[in-house]
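The structure file data_3.txt is reproduced below (compact mmCIF, C-alpha atoms).
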# COMPACT_ATOMS: atom_id res chain seq x y z
CA MET A 1 37.00 -28.18 0.20
CA SER A 2 33.57 -26.80 1.12
CA ALA A 3 30.46 -28.17 -0.53
CA PRO A 4 28.86 -25.92 -3.17
CA ARG A 5 25.77 -24.04 -2.08
CA ILE A 6 22.41 -25.18 -3.38
CA ILE A 7 21.18 -22.82 -6.08
CA ASN A 8 17.68 -21.72 -5.17
CA HIS A 9 15.37 -20.95 -8.07
CA SER A 10 12.28 -20.91 -5.82
CA PRO A 11 12.00 -17.38 -4.45
CA ILE A 12 9.03 -16.11 -2.46
CA ILE A 13 7.38 -13.37 -4.53
CA VAL A 14 5.03 -10.99 -2.68
CA THR A 15 2.63 -8.81 -4.62
CA GLY A 16 -0.83 -7.25 -4.77
CA MET A 17 -2.41 -3.91 -5.54
CA HIS A 18 -0.68 -0.80 -4.16
CA ARG A 19 -1.89 0.29 -0.69
CA SER A 20 -3.12 -3.24 -0.01
CA GLY A 21 -0.74 -4.37 2.73
CA THR A 22 2.07 -5.85 0.67
CA SER A 23 4.64 -3.94 2.75
CA LEU A 24 3.22 -5.38 5.96
CA THR A 25 3.25 -8.85 4.42
CA ALA A 26 6.86 -8.46 3.31
CA SER A 27 7.87 -7.32 6.79
CA ILE A 28 6.26 -10.45 8.23
CA LEU A 29 8.09 -12.66 5.73
CA LYS A 30 11.35 -10.95 6.60
CA GLN A 31 10.80 -11.76 10.26
CA CYS A 32 9.97 -15.33 9.24
CA GLY A 33 13.47 -15.60 7.77
CA ILE A 34 12.96 -14.73 4.10
CA ASP A 35 15.76 -12.58 2.64
CA ILE A 36 13.82 -9.92 0.70
CA GLY A 37 16.86 -7.83 -0.22
CA SER A 38 19.52 -5.62 1.31
CA ASN A 39 18.97 -2.44 -0.71
CA LEU A 40 15.39 -1.62 0.21
CA PHE A 41 13.32 1.40 -0.79
CA SER A 42 13.34 3.96 2.01
CA ALA A 43 10.39 4.67 4.28
CA ASP A 44 8.52 7.96 3.89
CA GLN A 45 5.47 9.77 5.26
CA HIS A 46 3.15 7.46 3.33
CA ASN A 47 4.71 4.30 4.75
CA ARG A 48 6.61 5.09 7.94
CA ARG A 49 7.53 1.47 8.65
CA GLY A 50 9.12 1.02 5.23
CA TYR A 51 8.15 -0.50 1.89
CA PHE A 52 10.43 -3.57 2.04
CA GLU A 53 10.95 -3.33 -1.72
CA ASP A 54 14.20 -4.45 -3.35
CA VAL A 55 15.19 -1.34 -5.33
CA ASP A 56 16.68 -3.37 -8.21
CA PHE A 57 13.42 -5.24 -8.86
CA LEU A 58 11.37 -2.08 -8.29
CA GLU A 59 13.30 -0.02 -10.84
CA PHE A 60 13.37 -2.86 -13.38
CA GLN A 61 9.62 -3.39 -13.23
CA ARG A 62 8.78 0.31 -13.08
CA LYS A 63 10.78 1.00 -16.24
CA LEU A 64 9.26 -1.93 -18.10
CA LEU A 65 5.70 -1.00 -17.16
CA GLN A 66 6.22 2.66 -18.02
CA GLU A 67 7.44 1.65 -21.47
CA SER A 68 4.43 -0.65 -21.81
CA CYS A 69 2.01 2.22 -21.23
CA GLY A 70 3.29 4.24 -24.16
CA ASP A 71 1.86 7.74 -24.38
CA ARG A 72 -1.70 6.82 -23.46
CA GLN A 73 -3.43 9.39 -21.27
CA PRO A 74 -4.75 9.71 -18.66
CA ALA A 75 -2.28 7.35 -17.03
CA TRP A 76 -0.28 6.65 -13.88
CA THR A 77 2.57 4.87 -15.60
CA ASP A 78 4.51 4.30 -12.38
CA TRP A 79 1.92 1.60 -11.64
CA GLY A 80 1.51 0.47 -15.25
CA TRP A 81 -2.03 1.86 -15.37
CA THR A 82 -3.73 3.79 -18.14
CA ALA A 83 -7.36 4.68 -18.73
CA GLU A 84 -7.41 2.09 -21.54
CA GLU A 85 -6.17 -0.52 -19.03
CA ARG A 86 -3.96 -2.28 -21.54
CA LEU A 87 -0.24 -2.99 -21.55
CA ASP A 88 1.96 -3.44 -24.59
CA ARG A 89 3.94 -6.55 -23.64
CA SER A 90 5.53 -7.05 -27.06
CA HIS A 91 8.97 -5.95 -25.87
CA TRP A 92 9.03 -7.90 -22.61
CA LYS A 93 10.96 -10.80 -24.12
CA ASN A 94 13.83 -8.39 -24.75
CA ALA A 95 13.95 -7.68 -21.00
CA GLN A 96 14.44 -11.31 -19.98
CA LEU A 97 18.25 -11.07 -19.91
CA ASP A 98 18.11 -8.16 -17.44
CA ALA A 99 15.60 -10.08 -15.33
CA GLN A 100 17.79 -13.18 -15.37
CA GLU A 101 20.73 -11.07 -14.19
CA LEU A 102 18.69 -9.94 -11.18
CA ILE A 103 17.91 -13.58 -10.41
CA TYR A 104 21.52 -14.67 -10.93
CA GLN A 105 22.77 -12.10 -8.40
CA ARG A 106 20.54 -13.69 -5.73
CA GLN A 107 20.21 -17.31 -6.75
CA GLU A 108 22.63 -18.70 -4.16
CA LYS A 109 20.61 -17.33 -1.28
CA MET A 110 19.00 -20.15 0.63
CA CYS A 111 15.65 -18.48 1.22
CA TRP A 112 15.04 -15.31 -0.74
CA GLY A 113 12.41 -13.29 -2.52
CA TRP A 114 11.15 -9.81 -3.27
CA LYS A 115 8.09 -7.63 -2.90
CA ASP A 116 6.71 -5.10 -5.35
CA PRO A 117 3.05 -4.40 -6.20
CA ARG A 118 4.05 -3.95 -9.86
CA THR A 119 4.83 -7.67 -10.01
CA THR A 120 1.04 -8.22 -10.07
CA LEU A 121 1.02 -7.17 -13.73
CA MET A 122 4.10 -9.29 -14.51
CA LEU A 123 3.29 -12.57 -12.76
CA ASP A 124 3.39 -14.67 -15.92
CA PHE A 125 6.67 -13.01 -16.95
CA TRP A 126 8.34 -14.15 -13.72
CA LYS A 127 6.61 -17.53 -13.73
CA ASP A 128 8.22 -18.29 -17.10
CA LEU A 129 11.68 -17.40 -15.74
CA LEU A 130 11.13 -19.01 -12.32
CA PRO A 131 8.75 -21.95 -12.80
CA ASP A 132 9.30 -23.15 -9.21
CA ALA A 133 8.74 -19.76 -7.56
CA LYS A 134 6.21 -19.38 -4.75
CA PHE A 135 3.73 -16.51 -4.86
CA VAL A 136 2.23 -14.65 -1.89
CA LEU A 137 -0.75 -12.70 -3.21
CA VAL A 138 -2.43 -10.02 -1.10
CA TYR A 139 -5.71 -8.20 -1.60
CA ARG A 140 -7.61 -5.52 0.30
CA LEU A 141 -11.17 -4.24 0.03
CA PRO A 142 -11.53 -1.88 -2.97
CA TRP A 143 -13.00 1.11 -1.11
CA ASP A 144 -10.26 0.89 1.54
CA VAL A 145 -7.63 1.01 -1.21
CA ALA A 146 -9.35 3.99 -2.85
CA ASP A 147 -9.48 5.78 0.51
CA SER A 148 -5.80 5.07 1.17
CA ILE A 149 -4.81 6.39 -2.26
CA PHE A 150 -6.79 9.60 -1.72
CA ARG A 151 -5.01 10.14 1.61
CA ILE A 152 -1.65 10.24 -0.20
CA GLY A 153 -2.83 13.66 -1.33
CA HIS A 154 -1.28 13.60 -4.80
CA PRO A 155 -3.15 15.97 -7.17
CA TYR A 156 -3.42 13.30 -9.87
CA PHE A 157 -5.32 10.93 -7.59
CA LEU A 158 -7.63 13.72 -6.49
CA ASP A 159 -8.28 15.03 -10.01
CA ASN A 160 -8.83 11.50 -11.37
CA ALA A 161 -10.88 10.22 -8.47
CA ASP A 162 -11.89 6.90 -10.00
CA MET A 163 -8.32 5.97 -10.95
CA GLY A 164 -7.48 4.24 -7.67
CA ILE A 165 -10.43 1.88 -7.57
CA ARG A 166 -10.17 1.15 -11.29
CA ALA A 167 -6.51 0.27 -10.76
CA TRP A 168 -7.67 -1.99 -7.90
CA PHE A 169 -9.88 -3.88 -10.35
CA PHE A 170 -7.14 -4.03 -13.00
CA TYR A 171 -4.55 -5.37 -10.55
CA ASN A 172 -6.83 -7.85 -8.80
CA TRP A 173 -8.19 -9.04 -12.15
CA HIS A 174 -4.60 -10.15 -12.90
CA LEU A 175 -4.06 -11.45 -9.38
CA LEU A 176 -7.07 -13.75 -9.38
CA ASP A 177 -6.53 -14.92 -12.94
CA PHE A 178 -2.98 -15.99 -12.05
CA TYR A 179 -4.03 -17.62 -8.79
CA ARG A 180 -6.72 -19.72 -10.45
CA ARG A 181 -4.11 -21.08 -12.86
CA HIS A 182 -1.33 -21.60 -10.31
CA SER A 183 -3.02 -22.07 -6.94
CA SER A 184 -0.78 -24.99 -5.97
CA GLN A 185 2.27 -22.72 -5.71
CA SER A 186 0.48 -19.59 -4.54
CA VAL A 187 -1.26 -18.36 -1.43
CA LEU A 188 -4.00 -15.75 -1.67
CA PHE A 189 -5.35 -13.86 1.34
CA ASN A 190 -7.10 -10.73 2.55
CA ILE A 191 -4.84 -8.40 4.51
CA ASN A 192 -7.43 -7.51 7.19
CA SER A 193 -8.01 -11.18 7.90
CA LEU A 194 -4.24 -11.65 8.17
CA LEU A 195 -4.13 -9.03 10.92
CA LYS A 196 -6.51 -11.20 12.91
CA SER A 197 -4.52 -14.38 12.19
CA PRO A 198 -0.87 -13.28 11.81
CA ASN A 199 0.49 -16.82 12.10
CA PHE A 200 -1.29 -17.71 8.86
CA ILE A 201 1.74 -16.62 6.82
CA GLY A 202 4.19 -19.00 8.48
CA GLU A 203 1.73 -21.88 8.34
CA ALA A 204 1.00 -21.24 4.65
CA LEU A 205 4.71 -21.13 3.81
CA VAL A 206 5.17 -24.59 5.32
CA HIS A 207 1.89 -26.42 4.70
CA LYS A 208 0.92 -25.03 1.30
CA LEU A 209 4.07 -23.69 -0.33
CA GLY A 210 6.26 -26.51 0.97
CA LEU A 211 9.04 -24.63 2.76
CA ASP A 212 11.05 -26.53 5.32
CA ALA A 213 9.54 -25.77 8.72
CA SER A 214 13.03 -25.43 10.22
CA SER A 215 13.78 -22.54 7.84
CA VAL A 216 10.71 -20.52 8.88
CA THR A 217 11.27 -18.45 12.02
CA GLN A 218 8.43 -18.22 14.54
CA LEU A 219 6.69 -14.86 14.11
CA ASP A 220 6.60 -12.33 16.92
CA SER A 221 3.41 -10.63 15.78
CA ALA A 222 3.46 -8.08 18.62
CA THR A 223 6.44 -6.32 17.02
CA ILE A 224 4.71 -5.98 13.64
CA ILE A 225 0.94 -5.94 14.05
CA GLU A 226 -0.40 -2.64 15.41
CA PRO A 227 -4.06 -2.06 16.29
CA GLY A 228 -5.76 -0.18 13.48
CA LEU A 229 -2.78 -0.64 11.16
CA MET A 230 -4.98 -1.26 8.11
CA GLY A 231 -8.20 0.70 8.30
CA GLU A 232 -11.40 -1.02 7.20
CA MET A 233 -14.39 1.04 6.15
CA SER A 234 -17.81 0.19 7.54
CA ILE A 235 -20.03 -1.72 5.14
CA ASN A 236 -22.76 0.79 5.99
CA SER A 237 -20.72 3.80 4.93
CA ASN A 238 -22.08 5.93 2.09
CA LEU A 239 -19.11 5.14 -0.13
CA VAL A 240 -19.43 1.36 0.20
CA GLN A 241 -23.19 1.40 -0.22
CA GLY A 242 -22.94 3.76 -3.18
CA LEU A 243 -20.29 1.73 -4.97
CA ASN A 244 -22.21 -1.49 -4.50
CA ALA A 245 -25.31 0.17 -5.94
CA ILE A 246 -23.86 1.88 -9.02
CA ALA A 247 -20.67 -0.14 -9.72
CA PRO A 248 -21.21 -3.73 -8.52
CA ARG A 249 -18.22 -5.09 -10.47
CA TYR A 250 -15.93 -4.24 -7.55
CA SER A 251 -17.86 -6.26 -5.00
CA ALA A 252 -18.28 -8.99 -7.63
CA LEU A 253 -14.52 -9.31 -8.05
CA LEU A 254 -14.04 -9.06 -4.29
CA GLY A 255 -16.52 -11.91 -3.87
CA LEU A 256 -14.54 -14.03 -6.33
CA LEU A 257 -11.30 -13.26 -4.53
CA ASP A 258 -12.90 -14.34 -1.26
CA TYR A 259 -14.35 -17.48 -2.85
CA HIS A 260 -10.93 -18.65 -4.07
CA SER A 261 -8.89 -17.20 -1.20
CA ASP A 262 -6.91 -19.25 1.32
CA LEU A 263 -7.87 -16.62 3.92
CA PRO A 264 -10.88 -14.60 2.76
CA SER A 265 -12.20 -11.34 4.12
CA SER A 266 -15.02 -11.29 6.65
CA ARG A 267 -17.32 -9.49 4.21
CA ASN A 268 -20.17 -11.46 2.67
CA PHE A 269 -20.73 -10.36 -0.90
CA ASP A 270 -22.71 -12.51 -3.27
CA ALA A 271 -20.55 -12.80 -6.38
CA PRO A 272 -21.56 -14.64 -9.54
CA LEU A 273 -19.09 -17.50 -9.73
CA ASN A 274 -19.33 -17.49 -13.50
CA PHE A 275 -17.99 -13.92 -13.60
CA ASP A 276 -15.79 -13.84 -16.71
CA LEU A 277 -12.29 -12.57 -15.94
CA GLN A 278 -11.66 -12.20 -19.66
CA GLU A 279 -14.67 -9.91 -20.03
CA LYS A 280 -13.78 -6.63 -21.71
CA LEU A 281 -13.43 -3.79 -19.24
CA PRO A 282 -15.93 -0.93 -19.51
CA VAL A 283 -15.22 1.86 -21.96
CA GLU A 284 -14.24 5.29 -20.72
CA SER A 285 -17.80 6.61 -20.54
CA GLU A 286 -19.08 3.72 -18.42
CA PHE A 287 -17.77 4.65 -14.99
CA PRO A 288 -20.68 6.03 -12.96
CA GLU A 289 -18.60 5.72 -9.80
CA ARG A 290 -16.44 8.66 -10.91
CA TYR A 291 -18.77 11.33 -9.52
CA LEU A 292 -19.29 9.50 -6.22
CA LEU A 293 -15.55 9.12 -5.70
CA SER A 294 -14.96 12.76 -6.64
CA LEU A 295 -17.35 13.81 -3.89
CA TYR A 296 -15.59 11.51 -1.43
CA ALA A 297 -12.17 12.91 -2.43
CA GLN A 298 -13.47 16.46 -1.91
CA LYS A 299 -14.75 15.48 1.51
CA LEU A 300 -11.32 14.12 2.47
CA GLN A 301 -9.65 17.28 1.19
CA GLN A 302 -11.98 19.41 3.31
CA GLU A 303 -11.27 17.25 6.36
CA ARG A 304 -7.54 17.56 5.72
CA GLN A 305 -7.85 21.34 5.39
CA TYR A 306 -9.90 21.55 8.58
CA SER A 307 -7.27 19.46 10.35
CA GLN A 308 -4.46 21.71 9.11
CA ASP A 309 -6.38 24.85 10.07
CA SER A 310 -7.10 23.38 13.48
CA LYS A 311 -3.42 22.64 13.98
CA VAL A 312 -2.45 26.20 12.98
CA LEU A 313 -5.03 27.65 15.35
CA GLY A 314 -3.90 25.28 18.10
CA ASP A 315 -0.27 26.37 17.63
CA ARG A 316 -1.30 30.04 17.77
CA LEU A 317 -3.37 29.46 20.88
CA HIS A 318 -0.45 27.69 22.52
CA TYR A 319 1.80 30.64 21.63
CA LEU A 320 -0.68 33.17 23.04
CA GLU A 321 -1.10 31.15 26.25
CA SER A 322 2.68 30.99 26.64
CA ALA A 323 2.99 34.71 25.98
CA LEU A 324 0.26 35.43 28.52
CA ARG A 325 2.05 33.36 31.16
CA VAL A 326 5.28 35.23 30.50
CA TYR A 327 3.42 38.53 30.72
CA GLU A 328 1.74 37.59 33.99
CA GLN A 329 5.04 36.41 35.44
CA SER A 330 6.68 39.64 34.35
CA ARG A 331 3.92 41.65 36.06
CA VAL A 332 4.52 39.74 39.27
CA THR A 333 8.26 40.29 38.90
CA ARG A 334 7.85 44.01 38.20
CA GLY A 335 5.55 44.33 41.21
CA TYR A 336 8.10 42.59 43.39
CA VAL A 337 10.86 44.87 42.13
CA ARG A 338 8.77 47.99 42.82
CA LEU A 339 7.93 46.76 46.32
CA LYS A 340 11.57 46.00 46.97
CA ARG A 341 12.62 49.47 45.84
CA ARG A 342 10.05 51.10 48.11
CA PHE A 343 11.29 49.08 51.05
CA PHE A 344 14.92 50.06 50.49
CA ASP A 345 13.97 53.68 49.86
CA ARG A 346 12.18 53.84 53.24
CA PHE A 347 14.95 51.95 54.94
CA GLN A 348 17.59 54.40 53.65
CA ARG A 349 15.52 57.38 54.73
Render the structure in this file as structure tokens.
Amino acid sequence: MSAPRIINHSPIIVTGMHRSGTSLTASILKQCGIDIGSNLFSADQHNRRGYFEDVDFLEFQRKLLQESCGDRQPAWTDWGWTAEERLDRSHWKNAQLDAQELIYQRQEKMCWGWKDPRTTLMLDFWKDLLPDAKFVLVYRLPWDVADSIFRIGHPYFLDNADMGIRAWFFYNWHLLDFYRRHSSQSVLFNINSLLKSPNFIGEALVHKLGLDASSVTQLDSATIIEPGLMGEMSINSNLVQGLNAIAPRYSALLGLLDYHSDLPSSRNFDAPLNFDLQEKLPVESEFPERYLLSLYAQKLQQERQYSQDSKVLGDRLHYLESALRVYEQSRVTRGYVRLKRRFFDRFQR
């Protein structure tokens, strides 16, 4: 009779703001030997390498967050974000049975977990159900996230230009608050710094989160880390300088993330360490960064249009050059045929 398998209630949960490198982190964990699911969300043009998101957890959290947003507008309920930046969590207790069923279906896996940015807003929900879980928390610089969101090209993000960076603050506000309360079973890091030290993940799993070293596969970073994979905007760029001047709360929160992080970013921002995470978020009229980000979004749209126009013109030029070559070849051929006819005409005469 075979021995029963050990039930594992200590999954590895990967999360962070959307467009912050959580997919890359999950792919690294998968190579390290963590089972992050078999039914994963498909890759697309916005993430060609794949999202590495367990569809069951994704759909469960998406539905719960959408319900928590109610009918507040403007909103991007798929991410659990509204302009009021509040979630109605009163019905979450009713969802615990469905969440427990997801856990039960995977609990006999020896080393498992999942990744979904939406988990950032539900960290305490999962911590209550899985008190021994380990949390891998990822953050990226706010302006880089805003830039990445704009490049998706969705009209909502372009029409509501400050939405992306405000969602960055909302998500990372939750991320840091959770980490400060549960740092012993969490690891917090900047994604750009991870690219420079890819072995950090495996070392953190073993030395901080307490995984058995024999269960963590040695990472082959060359197969995952690509040069320029996660763009990083220059600190001297107009957008970064403008945001720091008119909306310093983003760099303040970034500074706090770096201060508490296990692997901080290389940026040096002076953040007040007494920054109150419970401080009420600004009201709708107090977002001076909106106009600056609108201008930046327009600039990206123009660049995208120029790029598309350039491609169309390049394709037309290539067609004309090909047609010209065919025409020139046909002229040579016709000349050869005429010369040949003249030769045979003279020969026959």
Leaving out region 240-250 of chain A and any residue of its chain fewer than 6 positions from it, which residues lie within 9 Å of it when counting only C-alpha atoms, given as a list in words?
->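 Final neighbour list, sorted by chain and number: Leu141, Pro142, Trp143, Ile165, Arg166, Trp168, Phe169, Met233, Ser234, Phe287, Pro288, Glu289, Leu292 and Leu293 of chain A.
We find CA of Asp144 (chain A) and CA of Glu67 (chain A) to be spaced 29.0 Å apart.
Distances here use only C-alpha atoms; by that measure, the residue among A:Lys115, A:His318, A:Lys93, A:Arg180 closest to Thr25 (chain A) is A:Lys115.
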So how many Å separate CA of Ala133 (chain A) and CA of Tyr171 (chain A), to one decimal?
-> 19.8 Å
For Trp81 (chain A), which residue out of A:Trp112, A:Asp54, A:Gly164, A:Ser38 is the nearest one, using all atoms listed in the file?
->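 Closest residue, counting all atoms listed in the file: A:Gly164.
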Length of the CA of Gln185 (chain A) to CA of Trp126 (chain A) vector [Å] |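 Distance reported for this atom pair: 13.2 Å.
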Proximity to Leu24 (chain A) - best of A:Gly50, A:Gly37, A:Pro11, A:Pro117, all atoms listed in the file =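 Nearest candidate to Leu24 (chain A) out of A:Gly50, A:Gly37, A:Pro11, A:Pro117: A:Gly50.
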Taking all atoms listed in the file into account, which of A:Trp79, A:Tyr319, A:Phe125, A:Tyr179 comes nearest His91 (chain A)?
->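 For His91 (chain A), the nearest of the given residues is A:Phe125.
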From the list A:Leu130, A:Ile12, A:Leu58, A:Leu256, the nearest residue to Asp177 (chain A) using only C-alpha atoms is A:Leu256
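With all atoms listed in the file as the atoms that count, the minimum distance from Leu209 (chain A) to the choices A:Val136, A:Leu257, A:Val145, A:Ala83 is reached by A:Val136.
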